[in-house]
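query-v8.cif (mmCIF, C-alpha atoms)
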data_my_file
loop_
_atom_site.label_atom_id
_atom_site.label_comp_id
_atom_site.auth_asym_id
_atom_site.auth_seq_id
_atom_site.Cartn_x
_atom_site.Cartn_y
_atom_site.Cartn_z
CA MET P 55 91.62 63.14 136.47
CA PRO P 56 95.08 64.76 136.28
CA GLU P 57 95.14 68.50 136.79
CA LYS P 58 95.20 70.50 133.50
CA ILE P 59 97.75 73.29 133.61
CA GLY P 60 97.96 76.30 131.35
CA ARG P 61 101.17 77.63 129.82
CA ASN P 62 101.10 80.76 132.00
CA ASP P 63 100.11 79.00 135.24
CA PRO P 64 102.68 78.40 138.02
CA CYS P 65 104.54 75.16 137.35
CA LEU P 66 103.36 72.24 139.50
CA CYS P 67 106.97 71.35 140.37
CA GLY P 68 107.04 74.25 142.82
CA SER P 69 109.86 76.18 141.13
CA GLY P 70 107.86 79.39 141.13
CA LYS P 71 108.31 79.76 137.36
CA LYS P 72 105.55 79.72 134.77
CA TYR P 73 104.90 76.27 133.34
CA LYS P 74 105.96 77.35 129.83
CA HIS P 75 109.38 78.42 131.17
CA CYS P 76 109.90 75.35 133.32
CA CYS P 77 108.67 71.77 132.95
CA LEU P 78 106.92 72.37 129.63
CA GLU P 79 110.34 72.79 128.01
CA LYS P 80 111.69 69.73 129.80
CA GLU P 81 108.75 67.60 128.66
CA ARG P 82 109.22 68.72 125.05
CA ASP P 83 112.93 68.05 125.08
CA ALA P 84 112.34 64.57 126.44
CA GLY P 85 110.50 63.62 123.24
CA PRO P 86 107.13 61.84 122.90
CA SER P 87 106.21 59.57 125.79
CA ARG P 88 104.75 56.13 125.06
CA THR P 89 102.22 53.89 126.74
CA ALA P 90 103.07 50.36 127.86
CA ASP P 91 102.02 48.94 124.48
CA GLY P 92 104.26 51.34 122.58
CA ARG P 93 101.67 53.91 121.51
CA VAL P 94 102.65 57.58 121.33
CA SER P 95 100.74 59.36 124.07
CA GLN P 96 101.51 62.92 122.97
CA LEU P 97 102.36 64.79 119.80
CA PRO P 98 106.07 64.69 118.91
CA PRO P 99 107.91 67.92 119.81
CA LEU P 100 109.68 70.19 117.40
CA PRO P 101 113.48 70.44 117.60
CA LYS P 102 114.45 73.10 120.11
CA GLN P 103 116.17 75.28 117.49
CA ALA P 104 112.90 75.45 115.51
CA ARG P 105 110.83 77.02 118.23
CA PRO P 106 110.24 80.75 117.76
CA GLN P 107 107.24 81.98 119.72
CA ALA P 108 104.81 81.71 116.78
CA ILE P 109 105.69 78.03 116.27
CA GLU P 110 105.48 77.36 120.01
CA ASP P 111 102.02 78.87 120.12
CA ALA P 112 100.94 76.83 117.10
CA VAL P 113 102.25 73.60 118.65
CA HIS P 114 100.47 74.46 121.89
CA ASP P 115 97.21 74.90 119.98
CA LEU P 116 97.71 71.58 118.20
CA ARG P 117 98.34 69.81 121.50
CA GLU P 118 95.09 71.21 122.83
CA MET P 119 93.29 69.95 119.70
CA ALA P 120 94.76 66.50 120.21
CA GLY P 121 93.42 66.38 123.74
CA LYS P 122 93.77 62.88 125.20
CA ARG P 123 94.06 61.13 121.86
CA GLU P 124 96.59 58.33 121.81
CA PHE P 125 98.37 57.54 118.55
CA LYS P 126 99.67 54.11 117.59
CA SER P 127 102.65 55.61 115.79
CA ILE P 128 104.44 58.86 115.13
CA ASN P 129 103.19 58.64 111.54
CA GLN P 130 99.61 58.57 112.77
CA ALA P 131 100.31 61.63 114.90
CA ARG P 132 101.78 63.41 111.91
CA ILE P 133 98.72 62.59 109.81
CA PHE P 134 96.63 64.17 112.55
CA LEU P 135 98.89 67.21 112.59
CA ASP P 136 98.78 67.57 108.81
CA GLY P 137 95.00 67.52 108.84
CA ARG P 138 94.74 70.17 111.54
CA ILE P 139 97.35 72.38 109.87
CA ARG P 140 95.55 72.06 106.53
CA GLU P 141 92.26 72.92 108.21
CA GLY P 142 93.84 75.97 109.85
CA ASN P 143 95.43 77.12 106.61
CA GLU P 144 92.09 77.02 104.84
CA SER P 145 90.08 78.77 107.56
CA PRO P 146 89.30 82.50 107.39
CA VAL P 147 91.34 84.76 109.67
CA GLU P 148 89.91 87.99 111.08
CA ASP P 149 93.16 89.94 110.70
CA PHE P 150 93.27 88.86 107.04
CA LEU P 151 89.77 90.32 106.57
CA GLY P 152 88.29 86.85 106.14
CA LEU P 153 90.99 85.45 103.85
CA SER P 154 92.73 82.23 104.83
CA PRO P 155 96.48 81.79 105.46
CA ALA P 156 96.64 79.62 102.34
CA ARG P 157 95.07 82.41 100.29
CA MET P 158 97.48 84.96 101.73
CA HIS P 159 100.42 82.73 100.85
CA ALA P 160 99.15 82.50 97.27
CA ILE P 161 98.76 86.28 97.11
CA MET P 162 102.39 86.78 98.14
CA SER P 163 103.67 84.16 95.70
CA GLY P 164 102.28 85.51 92.44
CA LYS P 165 101.92 88.62 90.31
CA LEU P 166 98.69 90.54 89.86
CA ASP P 167 97.65 88.64 86.74
CA ALA P 168 98.33 85.32 88.49
CA GLN P 169 95.56 85.85 91.07
CA ARG P 170 92.62 85.15 88.78
CA ASP P 171 91.04 82.66 91.14
CA LEU P 172 90.72 85.53 93.64
CA VAL P 173 90.32 88.61 91.45
CA THR P 174 89.98 89.37 87.76
CA LEU P 175 90.26 92.74 86.08
CA ASN P 176 87.46 94.19 83.98
CA PHE P 177 88.59 96.89 81.55
CA ASP P 178 85.12 97.29 80.05
CA ALA P 179 84.40 100.92 80.87
CA PRO P 180 83.95 104.16 78.89
CA GLU P 181 87.19 105.52 77.44
CA ARG P 182 86.69 108.79 79.32
CA THR P 183 87.01 106.86 82.59
CA PHE P 184 90.53 105.76 81.70
CA SER P 185 91.46 109.07 80.06
CA ALA P 186 90.91 110.83 83.40
CA VAL P 187 93.34 108.59 85.33
CA PRO P 188 96.39 110.61 86.46
CA ALA P 189 98.98 108.13 85.13
CA VAL P 190 97.26 107.98 81.73
CA LYS P 191 96.99 111.76 81.36
CA ARG P 192 100.61 112.26 82.40
CA CYS P 193 101.88 109.50 80.14
CA ARG P 194 100.08 110.96 77.12
CA TYR P 195 101.50 114.39 77.97
CA LEU P 196 105.04 113.01 77.86
CA MET P 197 104.41 111.06 74.67
CA LYS P 198 103.10 114.21 73.01
CA ALA P 199 106.12 116.19 74.19
CA LEU P 200 108.41 113.61 72.61
CA ALA P 201 106.34 113.43 69.43
CA ASP P 202 106.38 117.20 69.00
CA GLU P 203 110.18 117.40 69.04
CA LYS P 204 111.36 116.02 65.71
CA LYS P 205 114.98 115.93 66.87
CA GLY P 206 114.02 114.52 70.26
CA ILE P 207 114.62 115.93 73.74
CA ARG P 208 118.13 116.01 75.10
CA ALA P 209 118.71 113.62 78.01
CA THR P 210 120.74 114.53 81.08
CA GLN P 211 124.04 112.82 81.80
CA LYS P 212 122.17 110.42 84.10
CA GLY P 213 119.79 109.54 81.28
CA ASN P 214 116.84 111.40 82.79
CA PHE P 215 114.43 113.94 81.36
CA PRO P 216 115.84 117.50 81.27
CA ARG P 217 114.99 120.23 83.74
CA GLU P 218 112.65 122.14 81.43
CA LEU P 219 110.41 119.12 80.79
CA VAL P 220 110.42 118.22 84.49
CA GLN P 221 109.35 121.74 85.46
CA ASP P 222 106.62 121.85 82.80
CA PHE P 223 105.31 118.45 83.95
CA TYR P 224 105.32 119.59 87.57
CA ALA P 225 103.51 122.84 86.79
CA VAL P 226 100.77 121.08 84.81
CA PHE P 227 100.07 118.12 87.10
CA LEU P 228 101.49 118.60 90.58
CA LYS P 229 101.77 122.28 91.40
CA GLU P 230 98.20 122.54 92.71
CA ASP P 231 98.96 119.94 95.40
CA ASP P 232 102.06 121.81 96.56
CA ARG P 233 101.62 124.34 99.34
CA ASP P 234 105.09 125.81 98.87
CA ASP P 235 106.65 127.72 95.99
CA PHE P 236 108.68 124.68 95.02
CA ILE P 237 110.40 124.54 91.63
CA PRO P 238 112.08 121.22 90.83
CA VAL P 239 115.51 121.23 89.27
CA ASN P 240 115.72 117.59 88.17
CA GLU P 241 113.78 114.38 87.71
CA ASP P 242 114.81 113.01 91.12
CA GLU P 243 112.64 115.66 92.75
CA VAL P 244 109.55 114.59 90.78
CA PRO P 245 109.40 110.78 91.03
CA GLN P 246 106.09 110.67 89.14
CA ILE P 247 107.83 111.67 85.90
CA GLY P 248 110.68 109.27 86.60
CA ARG P 249 108.30 106.33 86.88
CA LEU P 250 106.67 107.24 83.58
CA ARG P 251 110.01 107.67 81.82
CA TYR P 252 110.98 104.20 82.99
CA PHE P 253 107.64 102.85 81.73
CA LEU P 254 108.13 104.40 78.29
CA GLU P 255 111.65 103.01 78.01
CA GLN P 256 110.90 99.53 79.32
CA THR P 257 107.86 99.09 77.08
CA GLY P 258 109.85 100.19 74.04
CA PHE P 259 107.73 103.30 73.50
CA ALA P 260 110.68 105.67 73.90
CA SER P 261 114.46 105.53 73.86
CA ALA P 262 117.36 107.88 74.43
CA ASP P 263 119.64 106.73 71.63
CA GLY P 264 122.30 109.28 70.87
CA GLY P 265 121.54 111.12 74.09
CA ARG P 266 118.13 112.37 72.96
CA PHE P 267 114.72 111.06 74.01
CA ALA P 268 112.30 110.27 71.21
CA LEU P 269 109.37 107.98 70.58
CA THR P 270 110.25 104.74 68.88
CA GLU P 271 108.24 103.47 65.93
CA THR P 272 106.23 101.38 68.38
CA GLY P 273 105.77 104.38 70.64
CA GLY P 274 104.63 106.58 67.78
CA ALA P 275 102.03 104.03 66.78
CA ALA P 276 100.89 103.74 70.41
CA PHE P 277 100.59 107.52 70.71
CA ARG P 278 98.43 107.72 67.60
CA GLU P 279 96.37 104.55 67.93
CA MET P 280 96.38 103.14 71.47
CA SER P 281 93.14 103.66 73.36
CA SER P 282 93.16 104.99 76.90
CA SER P 283 91.92 101.65 78.23
CA GLU P 284 94.81 99.84 76.52
CA LEU P 285 97.33 102.34 77.87
CA TYR P 286 95.81 102.04 81.33
CA ARG P 287 96.09 98.24 81.21
CA SER P 288 99.78 98.51 80.31
CA LEU P 289 100.44 101.03 83.07
CA LEU P 290 98.55 99.02 85.68
CA TYR P 291 100.45 95.79 85.11
CA PHE P 292 103.74 97.66 84.82
CA TYR P 293 103.25 99.53 88.10
CA ALA P 294 102.06 96.35 89.81
CA ASP P 295 104.67 93.85 88.69
CA ARG P 296 107.65 95.47 86.97
CA LEU P 297 108.23 98.80 88.67
CA ASP P 298 110.51 98.78 91.71
CA TRP P 299 108.42 100.49 94.38
CA LEU P 300 111.45 101.17 96.56
CA SER P 301 113.57 102.79 93.86
CA GLY P 302 114.49 106.35 94.80
CA THR P 303 113.20 105.97 98.37
CA ARG P 304 114.94 105.37 101.70
CA TYR P 305 112.58 102.71 102.93
CA PRO P 306 114.09 99.44 104.20
CA ALA P 307 114.24 96.48 101.83
CA MET P 308 111.53 94.65 103.79
CA PHE P 309 109.02 97.24 102.53
CA VAL P 310 108.95 95.33 99.25
CA LEU P 311 106.22 93.44 101.10
CA PHE P 312 103.77 96.21 100.20
CA GLN P 313 104.27 95.40 96.52
CA ARG P 314 104.23 91.63 97.08
CA THR P 315 100.92 91.93 98.93
CA LEU P 316 99.34 94.29 96.40
CA VAL P 317 96.26 92.12 95.93
CA PHE P 318 95.64 92.15 99.68
CA CYS P 319 96.12 95.93 99.75
CA LEU P 320 93.47 96.27 97.04
CA TYR P 321 91.18 93.85 98.88
CA LEU P 322 91.68 95.96 102.01
CA LEU P 323 90.58 99.08 100.14
CA GLY P 324 87.46 97.36 98.88
CA LYS P 325 86.55 96.35 102.43
CA LYS P 326 87.57 99.43 104.39
CA ALA P 327 87.48 102.44 102.04
CA LYS P 328 83.94 102.35 100.68
CA SER P 329 83.58 105.82 102.18
CA TYR P 330 86.29 108.33 103.07
CA THR P 331 88.54 106.67 105.64
CA PRO P 332 91.66 108.08 107.34
CA ALA P 333 94.89 106.73 105.89
CA GLY P 334 96.08 105.77 109.36
CA ARG P 335 93.09 103.51 109.87
CA LEU P 336 93.77 101.73 106.58
CA ALA P 337 97.43 101.34 107.52
CA GLU P 338 96.44 99.94 110.91
CA THR P 339 94.40 97.23 109.19
CA TYR P 340 97.44 96.32 107.10
CA ARG P 341 99.72 96.23 110.15
CA ARG P 342 97.42 93.80 111.93
CA ALA P 343 97.76 91.43 108.98
CA PHE P 344 101.57 91.76 108.85
CA PRO P 345 102.77 92.58 112.39
CA SER P 346 106.24 91.20 111.61
CA MET P 347 107.11 94.38 109.68
CA GLU P 348 106.82 96.52 112.78
CA GLU P 349 108.53 93.88 114.92
CA GLN P 350 111.53 93.65 112.58
CA ILE P 351 112.02 97.41 112.45
CA GLY P 352 111.73 97.77 116.21
CA GLY P 353 112.19 100.98 118.15
CA ASP P 354 109.90 103.91 118.81
CA TYR P 355 109.39 104.79 115.15
CA ALA P 356 108.43 101.36 113.78
CA TYR P 357 104.71 102.16 113.89
CA THR P 358 105.23 105.47 112.07
CA MET P 359 107.52 103.95 109.43
CA VAL P 360 105.09 101.18 108.47
CA ASN P 361 102.25 103.69 108.34
CA ALA P 362 104.27 105.99 106.11
CA GLY P 363 105.34 103.15 103.81
CA PHE P 364 101.80 101.91 103.28
CA CYS P 365 100.42 105.40 102.67
CA HIS P 366 103.24 106.56 100.40
CA LEU P 367 104.09 103.43 98.40
CA PHE P 368 100.62 101.95 98.03
CA LEU P 369 98.02 104.69 98.52
CA GLY P 370 99.98 107.55 96.96
CA ASN P 371 102.28 106.05 94.35
CA PHE P 372 100.07 103.20 93.18
CA ALA P 373 96.38 103.53 94.01
CA ARG P 374 96.04 107.28 93.51
CA GLU P 375 98.21 107.49 90.37
CA LEU P 376 96.15 104.70 88.81
CA GLY P 377 92.84 106.31 89.65
CA LEU P 378 91.73 103.71 92.19
CA VAL P 379 91.20 106.12 95.11
CA ASN P 380 90.16 109.68 95.67
CA ARG P 381 91.48 111.59 98.64
CA ARG P 382 90.49 114.58 100.71
CA GLY P 383 92.23 116.45 103.49
CA GLY P 384 92.15 119.53 105.62
CA ALA P 385 94.22 122.67 105.30
CA ASN P 386 97.20 121.04 107.01
CA ALA P 387 97.20 117.84 104.96
CA VAL P 388 100.53 117.46 103.14
CA LEU P 389 101.79 113.88 103.30
CA ASP P 390 99.90 110.91 101.85
CA SER P 391 99.23 109.77 105.42
CA ASP P 392 97.43 113.05 106.24
CA PHE P 393 94.46 112.37 103.94
CA ASP P 394 91.27 110.33 103.92
CA TYR P 395 90.77 107.90 101.03
CA MET P 396 87.80 106.35 99.25
CA VAL P 397 87.70 103.92 96.33
CA THR P 398 86.60 105.29 92.97
CA GLY P 399 84.02 104.07 90.50
CA LEU P 400 86.90 102.74 88.40
CA PHE P 401 88.06 100.61 91.34
CA LYS P 402 84.60 99.12 91.77
CA ASN P 403 84.24 98.37 88.07
CA LEU P 404 87.80 97.14 87.52
CA LEU P 405 88.20 94.61 90.31
CA ARG P 406 85.95 91.54 90.31
CA TRP P 407 86.46 89.48 93.45
CA HIS P 408 85.75 85.73 93.52
CA LEU P 409 85.23 84.77 97.15
#
How does the structure come out when it is put into structure tokens?
Amino acid sequence: MPEKIGRNDPCLCGSGKKYKHCCLEKERDAGPSRTADGRVSQLPPLPKQARPQAIEDAVHDLREMAGKREFKSINQARIFLDGRIREGNESPVEDFLGLSPARMHAIMSGKLDAQRDLVTLNFDAPERTFSAVPAVKRCRYLMKALADEKKGIRATQKGNFPRELVQDFYAVFLKEDDRDDFIPVNEDEVPQIGRLRYFLEQTGFASADGGRFALTETGGAAFREMSSSELYRSLLYFYADRLDWLSGTRYPAMFVLFQRTLVFCLYLLGKKAKSYTPAGRLAETYRRAFPSMEEQIGGDYAYTMVNAGFCHLFLGNFARELGLVNRRGGANAVLDSDFDYMVTGLFKNLLRWHL
């Protein structure tokens, strides 16, 4: 029986190099060998330019699966490959918390409402549950402020809410979380109000025609008649699919992946945050599923940046604002990454997983 050699073993040619850096490459470049009757005796290699390490490892695994099989044609070998790839794509992966690669691909390819085969949303809960959600309370506050001003509220030159409204909003909703005597001077310093302004404008609930913010006819009707559960539904889908999570931040463009993998992030919470769990541990679980983010950033701060992005963009700006997590922290906790998080009763009732 011919000697079986591993990729990291010394090459049998005596060069002193590892097999993967020596004759393995030569054998791949030579193309598939054939037996005397014309049968393909090994799987066909990939073109050299299509061989990043991940693909090389996958091909190596497929070759091991093939073993000593001999194929009568390249087409037969490809059929074998297709079957094994399909089997691998549909198998659960530990780093994906039991989801398959195929499922993860589907998650990244669709919006929240397009994932119904994996998760559906149940809005059947008492109105008081939705009324207590931070985004709902803050949105109603702004709608009331606009409704109370018959002539509207003057917009800034940038089309933002004015300083007085920003400061009132901050004092009512955010001051208690601030350990400094901070007083905002514009909307850019309070992104929570900026996101809600954008929601009101994009849904047609408010406009700044003539340089003054006011509720539209649709917005006035929503303020008077829309239930908290209906408002919450609108906010949830807007924050999930229409809001630009990177707007107003300095995160790299690749961090849009947090928004594209929202369903996985929620699934991660359901698995790992049943009790209070450090934000860093939740971020570590995410990084194991998507190690390419850290690899692409590179450098000494890649780990910290991915952690910060997950905690800020997902845990802080999405999950907490929409009432899906509670958090707790010590006296020195300031950043979103400093806290421990646990899913809320709303989270458990809202998300129905189909696995």
Review point. Taking the file as shown, what set of residues would the PyMOL selection byres ((chain P and resi 286) around 9) give back, as a PyMOL selection string?
Key: chain P and resi 177+184-185+187+189-190+281-285+287-291+376
Review point. Leaving out Leu250 in chain P and any residue of its chain fewer than 4 positions from it, which residues lie within 7 Å of it when counting only C-alpha atoms, given as JSON, numbers by chain?
Key: {"P": [193, 246, 254]}
Using only C-alpha atoms, please write the residues we just selected to a file, as a compact mmCIF listing (two decimals), in the coordinates of the input.
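Saved the output as result.txt:
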# COMPACT_ATOMS: atom_id res chain seq x y z
CA CYS P 193 101.88 109.50 80.14
CA GLN P 246 106.09 110.67 89.14
CA LEU P 254 108.13 104.40 78.29
Once you count all atoms listed in the file, what closest atom pair and distance in Å to one decimal does each residue of range 353-403 of chain P within 10 Å of range 228-237 of chain P have, with rows by chain and rising residue number, as CSV?
residue,atom,partner,partner_atom,distance
P:Ala385,CA,P:Arg233,CA,9.6
P:Asn386,CA,P:Arg233,CA,9.4
P:Ala387,CA,P:Arg233,CA,9.7
P:Val388,CA,P:Arg233,CA,7.9
**Study point:** Answer key for the PyMOL selection byres ((chain P and resi 178) around 9), residues as a ChimeraX atom specification
**Key:** /P:176-177,179-181,283,403-404
Practice item. Considering all atoms listed in the file, return as number ranges by chain whatever protein or nucleic-acid residues lie within 9 Å of range 330-347 of chain P, sequence-local ones (same chain, fewer than 6 positions apart) excluded. Key: P: 148-151, 308-309, 311, 318-319, 322-323, 356-357, 360-365, 369, 380-382, 390-397
Practice item. Run the PyMOL selection byres ((chain P and resi 247) around 10) mentally over the shown coordinates, then write out the matched residues as a list in words, using the chain letters and numbers from the document. Key: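 Against this file, the PyMOL selection byres ((chain P and resi 247) around 10) returns the residues Ala189, Arg192, Cys193, Leu196, Asn214, Phe215, Leu219, Val220, Phe223, Tyr224, Glu241, Asp242, Glu243, Val244, Pro245, Gln246, Gly248, Arg249, Leu250, Arg251, Tyr252 and Phe253 of chain P.
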Point to revise | Point (95.0, 86.6, 104.4) neighbourhood (10 Å, all atoms listed in the file) written as an MDAnalysis selection string | key: chainID P and resid 143 145:162 315 318 321 343:344
Step by step, gather every atom of range 186-201 of chain P that the file lists, find the box along x, y and z that holds them, add 8 Å on each side, and finally give centre and edge lengths in Å to one decimal, as JSON.
{"center_x": 99.7, "center_y": 112.1, "center_z": 77.9, "size_x": 33.5, "size_y": 24.2, "size_z": 33.0}
Point to revise | Distance in Å - CA of Leu300 in chain P versus CA of Phe372 in chain P | key: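 Going from CA of Leu300 in chain P over to CA of Phe372 in chain P covers 12.0 Å.
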Check your understanding: Please, what distance in Å, to one decimal, runs between CA of Ala260 in chain P and CA of Gly274 in chain P?
Key ->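 One can read the CA of Ala260 in chain P to CA of Gly274 in chain P distance as 8.7 Å.
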Review point. Between P:Ala268, P:Ala201, P:Met280, P:Val239, which one has atoms that come closest to Glu218 in chain P, using all atoms listed in the file?
Key: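 Looking only at the distances to Glu218 in chain P, the closest residue turns out to be P:Val239.
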Point to revise | Å distance separating CA of Val379 in chain P from CA of Ile351 in chain P, one decimal place | key: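 Interatomic distance here is 28.5 Å.
Using all atoms listed in the file, the smallest distance between any of P:Arg406, P:Arg296, P:Arg278, P:Arg208 and Gln256 in chain P comes from P:Arg296.
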